[in-house]
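Asker: Structure: model-v2.txt, compact mmCIF, C-alpha atoms.
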```txt
# COMPACT_ATOMS: atom_id res chain seq x y z
CA MET A 6 16.84 8.76 10.61
CA TRP A 7 17.38 10.75 13.78
CA LEU A 8 14.64 8.78 15.52
CA GLY A 9 16.01 5.51 14.24
CA LEU A 10 19.61 6.16 15.20
CA TRP A 11 19.33 8.03 18.49
CA VAL A 12 15.85 8.26 19.99
CA THR A 13 14.40 4.76 19.84
CA PRO A 14 15.57 2.27 22.47
CA PRO A 15 17.58 -0.87 21.71
CA SER A 16 15.66 -4.12 21.47
CA ALA A 17 15.70 -6.78 24.15
CA ASN A 18 16.61 -9.45 21.55
CA MET A 19 18.77 -7.63 19.04
CA GLY A 20 20.19 -4.72 20.98
CA GLN A 21 21.35 -1.83 18.82
CA ARG A 22 21.00 -3.93 15.63
CA VAL A 23 17.25 -3.37 15.81
CA ARG A 24 17.89 0.10 14.36
CA LEU A 25 18.30 -1.53 10.95
CA LEU A 26 14.61 -2.40 11.30
CA TYR A 27 13.80 1.21 10.46
CA ILE A 28 15.43 1.15 7.03
CA HIS A 29 15.47 -2.42 5.73
CA PRO A 30 11.68 -3.10 5.64
CA ALA A 31 11.08 0.46 4.41
CA VAL A 32 13.39 0.16 1.39
CA ALA A 33 11.92 -3.29 0.66
CA TRP A 34 8.40 -1.84 0.77
CA VAL A 35 9.39 0.94 -1.65
CA ALA A 36 10.98 -1.60 -4.01
CA TYR A 37 7.74 -3.62 -4.06
CA LEU A 38 5.73 -0.44 -4.56
CA ALA A 39 7.97 0.67 -7.43
CA PHE A 40 7.66 -2.67 -9.21
CA GLY A 41 3.91 -2.63 -8.62
CA VAL A 42 3.60 0.82 -10.19
CA SER A 43 5.76 -0.35 -13.09
CA ALA A 44 3.54 -3.41 -13.62
CA LEU A 45 0.37 -1.31 -13.46
CA ALA A 46 1.76 1.25 -15.91
CA SER A 47 2.83 -1.59 -18.23
CA LEU A 48 -0.64 -3.09 -18.08
CA LEU A 49 -2.21 0.27 -18.89
CA TYR A 50 0.16 0.64 -21.82
CA LEU A 51 -0.70 -2.78 -23.21
CA TRP A 52 -4.45 -2.26 -22.83
CA GLY A 53 -5.65 -0.68 -26.05
CA ARG A 54 -8.01 1.88 -24.48
CA THR A 55 -5.31 3.51 -22.40
CA ARG A 56 -2.34 2.93 -24.69
CA SER A 57 0.04 5.85 -24.40
CA LEU A 58 3.80 6.18 -24.27
CA ALA A 59 3.34 8.16 -21.04
CA TRP A 60 2.64 4.84 -19.28
CA ASP A 61 5.80 3.39 -20.77
CA ARG A 62 7.82 6.32 -19.45
CA LEU A 63 6.29 5.91 -16.01
CA ALA A 64 7.07 2.20 -16.08
CA VAL A 65 10.73 2.72 -16.88
CA ALA A 66 11.09 5.53 -14.33
CA SER A 67 9.51 3.46 -11.59
CA THR A 68 11.51 0.37 -12.53
CA GLU A 69 14.82 2.18 -12.38
CA VAL A 70 14.05 3.61 -8.95
CA GLY A 71 12.76 0.20 -7.88
CA VAL A 72 16.02 -1.46 -8.88
CA VAL A 73 17.94 1.05 -6.73
CA PHE A 74 15.70 0.32 -3.74
CA CYS A 75 15.84 -3.42 -4.34
CA GLY A 76 19.61 -3.25 -4.35
CA LEU A 77 19.48 -1.33 -1.08
CA THR A 78 17.14 -3.98 0.32
CA LEU A 79 19.71 -6.66 -0.44
CA ILE A 80 22.60 -4.60 0.93
CA SER A 81 20.86 -3.52 4.14
CA GLY A 82 19.56 -7.05 4.59
CA SER A 83 23.04 -8.44 4.08
CA ILE A 84 24.42 -6.10 6.74
CA TRP A 85 21.63 -7.10 9.12
CA GLY A 86 22.28 -10.75 8.30
CA LYS A 87 25.98 -10.39 9.14
CA ALA A 88 25.08 -8.67 12.41
CA THR A 89 22.39 -11.20 13.35
CA TRP A 90 23.26 -14.51 11.68
CA GLY A 91 27.00 -14.02 11.30
CA VAL A 92 26.94 -14.37 7.48
CA TRP A 93 26.66 -11.80 4.69
CA TRP A 94 24.56 -14.12 2.53
CA THR A 95 22.69 -17.40 2.74
CA TRP A 96 20.67 -19.28 0.13
CA ASP A 97 17.38 -18.58 1.83
CA ALA A 98 14.02 -18.37 0.01
CA ARG A 99 13.46 -14.68 0.79
CA LEU A 100 16.98 -13.65 -0.17
CA ASP A 101 17.01 -15.76 -3.33
CA SER A 102 13.62 -14.52 -4.52
CA THR A 103 14.56 -10.90 -3.87
CA LEU A 104 17.83 -11.33 -5.75
CA LEU A 105 15.97 -12.94 -8.65
CA LEU A 106 13.44 -10.11 -8.58
CA MET A 107 16.19 -7.53 -8.88
CA LEU A 108 17.91 -9.43 -11.70
CA CYS A 109 14.63 -9.61 -13.65
CA TYR A 110 14.17 -5.86 -13.47
CA VAL A 111 17.82 -5.22 -14.30
CA GLY A 112 17.05 -7.33 -17.37
CA TYR A 113 14.15 -5.00 -18.10
CA LEU A 114 16.49 -2.01 -18.02
CA VAL A 115 19.02 -3.80 -20.23
CA LEU A 116 16.24 -4.65 -22.71
CA ARG A 117 15.37 -0.95 -22.91
CA ARG A 118 18.86 -0.30 -24.25
CA VAL A 119 18.37 -2.53 -27.30
CA PRO A 120 17.91 -0.15 -30.26
CA ALA A 121 14.31 -0.27 -31.44
CA ALA A 122 11.39 1.94 -32.33
CA ARG A 123 9.43 3.20 -29.35
CA GLU A 124 6.26 1.18 -29.68
CA PRO A 125 7.89 -2.29 -30.03
CA ARG A 126 10.34 -1.42 -27.26
CA ALA A 127 7.52 -0.30 -24.98
CA LYS A 128 5.51 -3.45 -25.71
CA ARG A 129 8.46 -5.74 -25.04
CA SER A 130 9.36 -3.93 -21.84
CA ALA A 131 5.76 -3.99 -20.62
CA LEU A 132 5.59 -7.76 -21.03
CA VAL A 133 8.85 -8.23 -19.12
CA ALA A 134 7.64 -5.94 -16.32
CA LEU A 135 4.38 -7.87 -15.97
CA VAL A 136 6.06 -11.27 -15.92
CA SER A 137 8.72 -10.09 -13.46
CA PHE A 138 6.08 -8.68 -11.11
CA VAL A 139 5.00 -12.24 -10.32
CA LEU A 140 8.13 -12.47 -8.17
CA VAL A 141 6.97 -9.66 -5.86
CA PRO A 142 4.28 -11.68 -4.04
CA VAL A 143 6.53 -14.75 -4.26
CA SER A 144 9.31 -12.84 -2.52
CA TYR A 145 6.97 -11.43 0.13
CA LEU A 146 5.23 -14.73 0.88
CA SER A 147 8.36 -16.89 0.69
CA VAL A 148 8.92 -16.55 4.44
CA TYR A 149 5.48 -18.11 5.03
CA TRP A 150 5.70 -20.76 2.32
CA PHE A 151 9.18 -22.06 3.11
CA ASN A 152 11.21 -22.81 6.19
CA THR A 153 13.49 -19.76 6.01
CA LEU A 154 16.21 -18.19 8.09
CA HIS A 155 14.73 -14.77 7.32
CA GLN A 156 12.14 -13.76 9.86
CA THR A 157 8.44 -13.59 9.00
CA GLY A 158 6.52 -10.28 8.79
CA THR A 159 8.05 -7.50 10.83
CA VAL A 160 4.95 -5.52 11.76
CA LEU A 161 2.32 -8.27 11.88
CA ASP A 162 2.72 -11.89 12.93
CA PRO A 163 0.92 -14.69 10.98
CA GLN A 164 -2.13 -14.25 13.27
CA ARG A 165 -2.24 -10.57 12.23
CA GLN A 166 -1.25 -9.38 15.70
CA ILE A 167 0.93 -6.28 15.84
CA LYS A 168 4.50 -7.07 16.90
CA VAL A 169 6.00 -3.56 17.05
CA TYR A 170 4.84 -0.97 19.59
CA GLY A 171 5.21 2.60 20.77
CA ILE A 172 7.98 4.79 19.44
CA MET A 173 9.44 1.88 17.49
CA ALA A 174 6.20 1.50 15.55
CA TRP A 175 5.95 5.24 14.90
CA THR A 176 9.57 5.39 13.75
CA MET A 177 8.98 2.52 11.36
CA LEU A 178 5.84 4.18 10.01
CA LEU A 179 7.68 7.48 9.59
CA GLY A 180 10.46 5.67 7.72
CA PHE A 181 7.93 4.06 5.39
CA CYS A 182 6.24 7.40 4.68
CA ALA A 183 9.51 9.30 4.22
CA LEU A 184 10.96 6.78 1.78
CA THR A 185 7.68 6.60 -0.13
CA LEU A 186 7.85 10.36 -0.61
CA VAL A 187 11.48 10.05 -1.72
CA TYR A 188 10.37 7.41 -4.24
CA ALA A 189 7.62 9.67 -5.59
CA TRP A 190 10.05 12.56 -5.99
CA MET A 191 12.62 10.37 -7.75
CA VAL A 192 10.06 8.92 -10.15
CA ALA A 193 8.73 12.38 -11.00
CA HIS A 194 12.18 13.60 -11.96
CA ARG A 195 13.17 10.40 -13.71
CA TYR A 196 9.96 10.62 -15.76
CA GLN A 197 10.91 14.12 -16.85
CA VAL A 198 14.37 12.87 -17.83
CA GLU A 199 12.69 10.20 -19.97
CA VAL A 200 10.51 12.82 -21.69
CA LEU A 201 13.56 14.98 -22.42
CA GLU A 202 15.59 12.02 -23.67
CA GLU A 203 12.84 11.13 -26.12
CA ARG A 204 12.80 14.69 -27.38
CA LEU A 205 16.56 14.61 -27.76
CA GLU A 206 16.29 11.35 -29.69
CA ASP A 207 13.69 12.90 -32.01
CA GLU A 208 15.85 15.92 -32.66
CA ALA A 209 18.89 13.72 -33.29
CA LEU A 210 16.79 11.69 -35.75
CA ASP A 211 15.80 14.90 -37.54
CA LEU A 212 19.46 15.81 -37.85
CA ALA A 213 20.33 12.34 -39.12
CA LEU A 214 17.50 12.52 -41.69
CA ALA A 215 18.62 15.94 -42.84
CA ALA A 216 22.21 14.73 -43.19
CA GLU A 217 21.03 11.68 -45.14
CA SER A 218 18.96 13.87 -47.47
CA ARG A 219 21.93 16.13 -48.15
CA ARG A 220 24.15 13.13 -48.85
CA ALA A 221 21.57 11.59 -51.22
CA ALA A 222 21.10 14.90 -53.01
CA ALA A 223 24.86 15.26 -53.47
CA GLU A 224 25.22 11.80 -55.10
CA PRO A 225 24.92 11.53 -58.92
CA VAL A 226 21.52 10.15 -60.10
CA ALA A 227 21.85 6.43 -61.17
CA ALA A 228 20.39 5.26 -64.56
CA GLY A 229 17.60 2.66 -64.46
CA PRO A 230 14.58 2.17 -62.18
CA LEU A 231 14.21 4.71 -59.46
CA VAL A 232 15.43 3.20 -56.20
CA ALA A 233 13.80 4.42 -53.03
CA THR A 234 16.35 6.16 -50.85
CA PRO A 235 16.03 6.90 -47.16
CA ALA A 236 15.47 10.57 -48.05
CA ILE A 237 12.47 9.58 -50.17
CA ALA A 238 11.21 6.88 -47.75
CA GLY A 239 11.07 9.42 -44.92
CA ARG A 240 10.78 9.07 -41.15
CA SER A 241 8.59 5.96 -40.99
CA ALA A 242 11.03 3.81 -42.96
CA LEU A 243 13.95 5.07 -40.90
CA GLU A 244 12.28 4.20 -37.61
CA SER A 245 13.70 0.70 -37.85
CA GLY A 246 16.78 -0.31 -35.95
CA ALA A 247 19.47 1.20 -38.19
CA ALA A 248 18.47 4.85 -38.22
CA VAL A 249 17.53 4.79 -34.56
CA GLY A 250 20.98 3.37 -33.90
CA GLN A 251 22.53 6.18 -35.94
CA ALA A 252 20.43 8.74 -34.12
CA GLN A 253 21.52 7.27 -30.81
CA GLY A 254 25.10 7.55 -31.97
CA VAL A 255 24.47 11.23 -32.74
CA THR A 256 22.73 11.58 -29.38
CA ALA A 257 25.69 10.05 -27.57
CA GLY A 258 27.96 12.51 -29.31
CA MET A 259 25.71 15.45 -28.44
CA VAL A 260 25.09 14.63 -24.81
CA ASP A 261 27.71 14.96 -22.15
CA GLN A 262 27.48 11.64 -20.34
CA MET B 18 31.79 2.04 12.47
CA SER B 19 29.07 -0.39 13.56
CA TYR B 20 26.87 -2.43 11.25
CA VAL B 21 23.99 -0.05 11.94
CA ASP B 22 26.03 3.02 11.02
CA ALA B 23 27.28 1.32 7.85
CA GLY B 24 23.73 0.38 6.86
CA TYR B 25 22.38 3.89 7.31
CA ALA B 26 25.41 5.41 5.55
CA ILE B 27 25.08 3.12 2.53
CA VAL B 28 21.34 3.69 2.15
CA LEU B 29 21.50 7.45 2.52
CA SER B 30 24.55 7.90 0.32
CA THR B 31 23.15 5.69 -2.45
CA LEU B 32 19.89 7.62 -2.48
CA ALA B 33 21.80 10.90 -2.49
CA VAL B 34 24.06 9.84 -5.36
CA TYR B 35 21.17 8.53 -7.46
CA SER B 36 19.11 11.68 -6.81
CA ALA B 37 22.05 13.86 -7.76
CA TRP B 38 22.55 11.88 -10.98
CA VAL B 39 18.88 12.22 -11.98
CA LEU B 40 18.81 15.92 -11.15
CA ARG B 41 22.02 16.56 -13.07
CA ARG B 42 20.67 14.74 -16.11
CA HIS B 43 17.37 16.61 -15.85
CA HIS B 44 19.14 19.93 -15.59
CA PHE B 45 21.49 19.21 -18.49
CA LEU B 46 18.73 18.03 -20.82
CA SER B 47 16.48 20.96 -19.90
CA ARG B 48 19.25 23.36 -20.87
CA ALA B 49 20.25 21.47 -24.01
CA LEU B 50 16.74 21.36 -25.45
CA PRO B 51 14.73 24.47 -26.27
CA ALA B 52 11.41 24.80 -24.42
CA LYS B 53 8.42 23.43 -26.34
CA PRO B 54 5.35 25.39 -25.27
CA GLY B 55 1.97 23.70 -25.21
CA THR B 56 3.18 20.10 -25.35
CA SER B 57 3.04 17.39 -22.72
CA GLY B 58 5.82 15.39 -24.29
CA ASP B 59 3.38 12.67 -25.43
```
Show me this structure written as structure tokens.

Answerer:
Amino acid sequence: MWLGLWVTPPSANMGQRVRLLYIHPAVAWVAYLAFGVSALASLLYLWGRTRSLAWDRLAVASTEVGVVFCGLTLISGSIWGKATWGVWWTWDARLDSTLLLMLCYVGYLVLRRVPAAREPRAKRSALVALVSFVLVPVSYLSVYWFNTLHQTGTVLDPQRQIKVYGIMAWTMLLGFCALTLVYAWMVAHRYQVEVLEERLEDEALDLALAAESRRAAAEPVAAGPLVATPAIAGRSALESGAAVGQAQGVTAGMVDQ
Amino acid sequence: MSYVDAGYAIVLSTLAVYSAWVLRRHHFLSRALPAKPGTSGD
């Protein structure tokens, strides 16, 4: 940041506005990386040989961080657009595809909130992540496919010649590396939060089951055929929407939000 | 404040706020749940 704000020189074309070059492509790169990791983790979850809820947790952690960076891409791009084009927003292919990309992954996060057992939720989410990932190359290549206001590649031109030199290039590279490390750190911690939230959900479910058993035991026994109660059916029967919803209600009460 | 300053401020502050939120949640959940030795959480 110090290099970007104070050390590097202004550009001949953009003047001081070129300093946004050191953050906007970097946050966009991290957003693409995050969605790529999410898609890969989702694929590994769906593939039978590597199926594990750990991949699902990684996917959701990476997606959430990716949505934050994608939002920052749009905001920093909007600021740069106002400075360069004079408008905060324009219906340009790159901007539209990036906005759509972010909305798809916000949809993924919303889908995760629908009460469901872990395996069906993970499967649904994985499919959404994989389908949404199609927009990443579309967003990146949109500046080459369409006649857009947004500039083409920042580092390389279409003939693969480097366009950025000297300290500007090093500052850009440093920004990319720094934000990638920030992404890795955020995903690591968000993954741990996901692990702990699952444990909390399990413990809340245990409490809900215990409460249900006590309630069933306290009720008078009905005459006639024995009717299976949740206490008799056990955990597997309760891992449908209703009990998970109750457990989440208990969880919400237990956890200071 | 120039556009450049605003851009840097928004990016850095958003990352800081999000990091703080994740860390706070991590810390709270770690304290609320007893340690489970020998498990990977899977």

Asker: Work out how far apart atom CA of His29 of chain A and atom CA of Arg62 of chain A are and give it in Å to one decimal.

Answerer: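 Atom-to-atom, atom CA of His29 of chain A to atom CA of Arg62 of chain A, that is 27.7 Å.
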
Asker: Given a cut-off of 9 Å, which residues of chain A touch chain B, counting only C-alpha atoms, written out as an mmCIF file with C-alpha atoms, keeping the file's coordinate frame?

Answerer:
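Contents of part.cif, freshly written:
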```cif
data_model
loop_
_atom_site.group_PDB
_atom_site.id
_atom_site.type_symbol
_atom_site.label_atom_id
_atom_site.label_comp_id
_atom_site.auth_asym_id
_atom_site.auth_seq_id
_atom_site.Cartn_x
_atom_site.Cartn_y
_atom_site.Cartn_z
ATOM 1 C CA MET A 6 16.840 8.760 10.610
ATOM 2 C CA LEU A 10 19.610 6.160 15.200
ATOM 3 C CA GLN A 21 21.350 -1.830 18.820
ATOM 4 C CA ARG A 22 21.000 -3.930 15.630
ATOM 5 C CA VAL A 23 17.250 -3.370 15.810
ATOM 6 C CA ARG A 24 17.890 0.100 14.360
ATOM 7 C CA LEU A 25 18.300 -1.530 10.950
ATOM 8 C CA ILE A 28 15.430 1.150 7.030
ATOM 9 C CA HIS A 29 15.470 -2.420 5.730
ATOM 10 C CA VAL A 32 13.390 0.160 1.390
ATOM 11 C CA SER A 57 0.040 5.850 -24.400
ATOM 12 C CA LEU A 58 3.800 6.180 -24.270
ATOM 13 C CA ALA A 59 3.340 8.160 -21.040
ATOM 14 C CA VAL A 70 14.050 3.610 -8.950
ATOM 15 C CA VAL A 73 17.940 1.050 -6.730
ATOM 16 C CA PHE A 74 15.700 0.320 -3.740
ATOM 17 C CA LEU A 77 19.480 -1.330 -1.080
ATOM 18 C CA THR A 78 17.140 -3.980 0.320
ATOM 19 C CA ILE A 80 22.600 -4.600 0.930
ATOM 20 C CA SER A 81 20.860 -3.520 4.140
ATOM 21 C CA GLY A 82 19.560 -7.050 4.590
ATOM 22 C CA ILE A 84 24.420 -6.100 6.740
ATOM 23 C CA TRP A 85 21.630 -7.100 9.120
ATOM 24 C CA LYS A 87 25.980 -10.390 9.140
ATOM 25 C CA ALA A 88 25.080 -8.670 12.410
ATOM 26 C CA VAL A 187 11.480 10.050 -1.720
ATOM 27 C CA MET A 191 12.620 10.370 -7.750
ATOM 28 C CA HIS A 194 12.180 13.600 -11.960
ATOM 29 C CA ARG A 195 13.170 10.400 -13.710
ATOM 30 C CA GLN A 197 10.910 14.120 -16.850
ATOM 31 C CA VAL A 198 14.370 12.870 -17.830
ATOM 32 C CA GLU A 199 12.690 10.200 -19.970
ATOM 33 C CA VAL A 200 10.510 12.820 -21.690
ATOM 34 C CA LEU A 201 13.560 14.980 -22.420
ATOM 35 C CA GLU A 202 15.590 12.020 -23.670
ATOM 36 C CA GLU A 203 12.840 11.130 -26.120
ATOM 37 C CA ARG A 204 12.800 14.690 -27.380
ATOM 38 C CA LEU A 205 16.560 14.610 -27.760
ATOM 39 C CA VAL A 260 25.090 14.630 -24.810
ATOM 40 C CA ASP A 261 27.710 14.960 -22.150
ATOM 41 C CA GLN A 262 27.480 11.640 -20.340
#
```

Asker: Atom CA of Ala39 of chain A and atom CA of Val72 of chain A, how far apart in Å?

Answerer: 8.5 Å

Asker: Could you state the separation of atom CA of Cys75 of chain A and atom CA of Thr153 of chain A in Å, given to one decimal place?

Answerer: 19.5 Å

Asker: Might I get the box with edges along x, y and z of the file that holds all atoms of segment 69-82 of chain A listed there, padded by 4 Å on every side, given as centre and edge lengths in Å to one decimal, as AutoDock Vina command-line options?

Answerer:
```
--center_x 17.7 --center_y -1.7 --center_z -3.9 --size_x 17.8 --size_y 18.7 --size_z 25.0
```
